[in-house]
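This is final-v5.pdb (PDB, C-alpha atoms).
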```
MODEL        1
ATOM      1  CA  MET A   1      92.788 111.066  96.113
ATOM      2  CA  ASN A   2      92.351 114.561  97.521
ATOM      3  CA  ASP A   3      92.795 115.491 101.194
ATOM      4  CA  ILE A   4      89.083 115.386 102.064
ATOM      5  CA  GLN A   5      88.668 111.933 100.543
ATOM      6  CA  THR A   6      91.744 110.684 102.381
ATOM      7  CA  VAL A   7      90.478 111.997 105.715
ATOM      8  CA  THR A   8      87.023 110.534 105.079
ATOM      9  CA  GLN A   9      88.548 107.168 104.183
ATOM     10  CA  ASN A  10      90.689 107.172 107.338
ATOM     11  CA  VAL A  11      87.716 108.060 109.565
ATOM     12  CA  ARG A  12      85.657 105.253 108.034
ATOM     13  CA  LEU A  13      88.505 102.769 108.470
ATOM     14  CA  GLN A  14      88.807 103.768 112.141
ATOM     15  CA  GLN A  15      85.056 103.316 112.658
ATOM     16  CA  TRP A  16      85.039  99.970 110.890
ATOM     17  CA  THR A  17      88.099  98.797 112.822
ATOM     18  CA  ALA A  18      86.386  99.702 116.104
ATOM     19  CA  ILE A  19      83.288  97.700 115.111
ATOM     20  CA  ILE A  20      85.351  94.674 114.090
ATOM     21  CA  GLN A  21      87.380  94.807 117.311
ATOM     22  CA  ASP A  22      84.192  95.181 119.352
ATOM     23  CA  ARG A  23      82.692  92.122 117.665
ATOM     24  CA  GLN A  24      85.842  90.100 118.336
ATOM     25  CA  ALA A  25      85.955  91.205 121.967
ATOM     26  CA  SER A  26      82.270  90.357 122.417
ATOM     27  CA  GLY A  27      82.874  86.706 121.632
ATOM     28  CA  LEU A  28      79.676  86.658 119.575
ATOM     29  CA  LYS A  29      79.377  85.038 116.188
ATOM     30  CA  VAL A  30      79.256  87.526 113.316
ATOM     31  CA  ASP A  31      75.568  86.898 112.629
ATOM     32  CA  ASP A  32      74.614  87.346 116.293
ATOM     33  CA  TYR A  33      76.677  90.512 116.672
ATOM     34  CA  CYS A  34      75.274  92.017 113.477
ATOM     35  CA  SER A  35      71.736  91.206 114.543
ATOM     36  CA  GLU A  36      72.232  92.814 117.972
ATOM     37  CA  HIS A  37      73.805  95.949 116.480
ATOM     38  CA  ASN A  38      71.498  96.287 113.479
ATOM     39  CA  ILE A  39      74.351  95.803 110.983
ATOM     40  CA  SER A  40      73.937  93.819 107.810
ATOM     41  CA  ARG A  41      76.194  90.792 107.511
ATOM     42  CA  ASN A  42      77.320  91.967 104.066
ATOM     43  CA  ALA A  43      78.308  95.383 105.437
ATOM     44  CA  TYR A  44      80.315  93.753 108.235
ATOM     45  CA  TYR A  45      82.290  91.563 105.815
ATOM     46  CA  TYR A  46      82.778  94.485 103.417
ATOM     47  CA  TRP A  47      84.245  96.517 106.285
ATOM     48  CA  LEU A  48      86.410  93.581 107.338
ATOM     49  CA  ARG A  49      87.818  93.271 103.790
ATOM     50  CA  LYS A  50      88.558  97.001 103.652
ATOM     51  CA  VAL A  51      90.258  97.001 107.069
ATOM     52  CA  LYS A  52      92.379  93.985 106.126
ATOM     53  CA  ALA A  53      93.337  95.557 102.789
ATOM     54  CA  ALA A  54      94.346  98.793 104.527
ATOM     55  CA  ALA A  55      96.414  96.853 107.065
ATOM     56  CA  ILE A  56      98.229  95.007 104.290
ATOM     57  CA  GLU A  57      98.774  98.228 102.356
ATOM     58  CA  ASN A  58     100.118 100.013 105.432
ATOM     59  CA  SER A  59     102.410  97.150 106.379
ATOM     60  CA  GLY A  60     104.055  97.284 102.971
ATOM     61  CA  SER A  61     104.577  93.552 102.911
ATOM     62  CA  LEU A  62     103.014  90.168 103.376
ATOM     63  CA  PHE A  63     104.491  87.525 105.584
ATOM     64  CA  ALA A  64     104.392  83.784 105.809
ATOM     65  CA  GLU A  65     105.821  81.269 108.221
ATOM     66  CA  VAL A  66     108.748  79.282 106.878
ATOM     67  CA  ASN A  67     109.045  75.765 108.200
ATOM     68  CA  PRO A  68     112.106  75.872 110.514
ATOM     69  CA  SER A  69     113.017  72.307 109.598
ATOM     70  CA  PHE A  70     113.442  73.351 105.954
ATOM     71  CA  GLN A  71     117.171  73.903 106.407
ATOM     72  CA  LYS A  72     117.541  70.384 107.820
ATOM     73  CA  MET A  73     115.621  68.666 105.009
ATOM     74  CA  MET A  74     117.430  66.308 102.747
ATOM     75  CA  PRO A  75     116.780  66.645  98.991
ATOM     76  CA  GLU A  76     114.822  63.385  98.952
ATOM     77  CA  GLN A  77     112.529  64.726 101.694
ATOM     78  CA  MET A  78     111.784  67.824  99.640
ATOM     79  CA  GLU A  79     110.959  65.689  96.610
ATOM     80  CA  SER A  80     108.587  63.581  98.704
ATOM     81  CA  GLY A  81     106.212  66.502  99.141
ATOM     82  CA  CYS A  82     107.391  68.076 102.394
ATOM     83  CA  SER A  83     106.455  71.726 102.370
ATOM     84  CA  PRO A  84     109.070  74.343 103.288
ATOM     85  CA  LEU A  85     106.436  77.113 103.349
ATOM     86  CA  SER A  86     103.106  77.105 105.163
ATOM     87  CA  ILE A  87     100.646  79.996 105.123
ATOM     88  CA  CYS A  88      98.244  79.773 108.066
ATOM     89  CA  LEU A  89      94.935  81.644 107.963
ATOM     90  CA  GLY A  90      92.693  80.694 110.837
ATOM     91  CA  ASP A  91      91.925  77.008 110.414
ATOM     92  CA  ALA A  92      93.196  76.929 106.829
ATOM     93  CA  VAL A  93      96.791  76.065 105.988
ATOM     94  CA  ILE A  94      98.305  76.458 102.535
ATOM     95  CA  HIS A  95     101.458  74.418 101.951
ATOM     96  CA  VAL A  96     103.793  75.622  99.219
ATOM     97  CA  ASN A  97     106.763  73.707  97.888
ATOM     98  CA  GLU A  98     109.675  75.094  95.917
ATOM     99  CA  ALA A  99     108.153  73.980  92.612
ATOM    100  CA  ALA A 100     105.267  76.479  92.965
ATOM    101  CA  SER A 101     105.443  79.242  90.372
ATOM    102  CA  SER A 102     105.425  82.896  91.336
ATOM    103  CA  GLN A 103     102.258  83.280  89.251
ATOM    104  CA  LEU A 104     100.490  80.633  91.347
ATOM    105  CA  LEU A 105     101.624  82.293  94.580
ATOM    106  CA  HIS A 106     100.401  85.653  93.301
ATOM    107  CA  ARG A 107      96.974  84.154  92.481
ATOM    108  CA  VAL A 108      96.714  82.534  95.906
ATOM    109  CA  ILE A 109      97.621  85.770  97.685
ATOM    110  CA  GLU A 110      95.063  87.712  95.630
ATOM    111  CA  ALA A 111      92.398  85.112  96.415
ATOM    112  CA  ILE A 112      93.206  85.385 100.120
ATOM    113  CA  ARG A 113      92.998  89.183  99.989
ATOM    114  CA  ASN A 114      89.562  89.016  98.359
ATOM    115  CA  ALA A 115      88.173  86.224 100.520
ATOM    116  CA  GLU A 116      85.430  86.989 103.021
TER     117      GLU A 116
ENDMDL
END
```

Would you kindly transcribe this structure into structure tokens?
Amino acid sequence: MNDIQTVTQNVRLQQWTAIIQDRQASGLKVDDYCSEHNISRNAYYYWLRKVKAAAIENSGSLFAEVNPSFQKMMPEQMESGCSPLSICLGDAVIHVNEAASSQLLHRVIEAIRNAE
């Protein structure tokens, strides 16, 4: 990407971030905010995806909360379905046990990145 494209992309990301933060601060639902500000719902969610993707890219890593009681679990507890890893996204929680393959985790992370 050349310098002009990079600058343009950064300016757009800043504008989109400001809109998303303004909507969050307003306390309005997305549909109500978009209606009041003459923004299409699809544009808002597109911007949100792009801002999230940029944040992930800039952070250089993903993070997840590891269940602190994992170290205290007995082997039989782990076999019973207790989850040492929980990924919390709003109201959704994804529990991952040690039997999960790296391919499955990769698919889940990609699905989360692309979710609206």

Margin query: So that I can see what lies close to region 16-25 of chain A, please list as a ChimeraX atom specification the residues with an atom at most 8 Å from it, counting all atoms listed in the file and leaving out residues fewer than 3 positions away in the same chain.
Written below: /A:12-13,28-30,33,44,47-48,51

Checklist line | Among the residues A:Val93, A:Glu98, A:Ala54, A:Arg49, the one that comes closest to Gln9 (chain A) [using only C-alpha atoms] | finding: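 Among the listed residues, A:Ala54 lies closest to Gln9 (chain A).
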
Item checked: Atom-to-atom span, CA of Leu105 (chain A) and CA of Ser86 (chain A), Å -> 11.9 Å

Next item on the list: Mind giving me the straight-line distance from CA of Ile112 (chain A) to CA of Ala100 (chain A) in Å, one decimal?
Entry: 16.6 Å

Item checked: Point-to-point distance in Å for CA of Gln14 (chain A) and CA of Gly27 (chain A) ->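 Atom-to-atom, CA of Gly27 (chain A) and CA of Gln14 (chain A) are spaced 20.4 Å apart.
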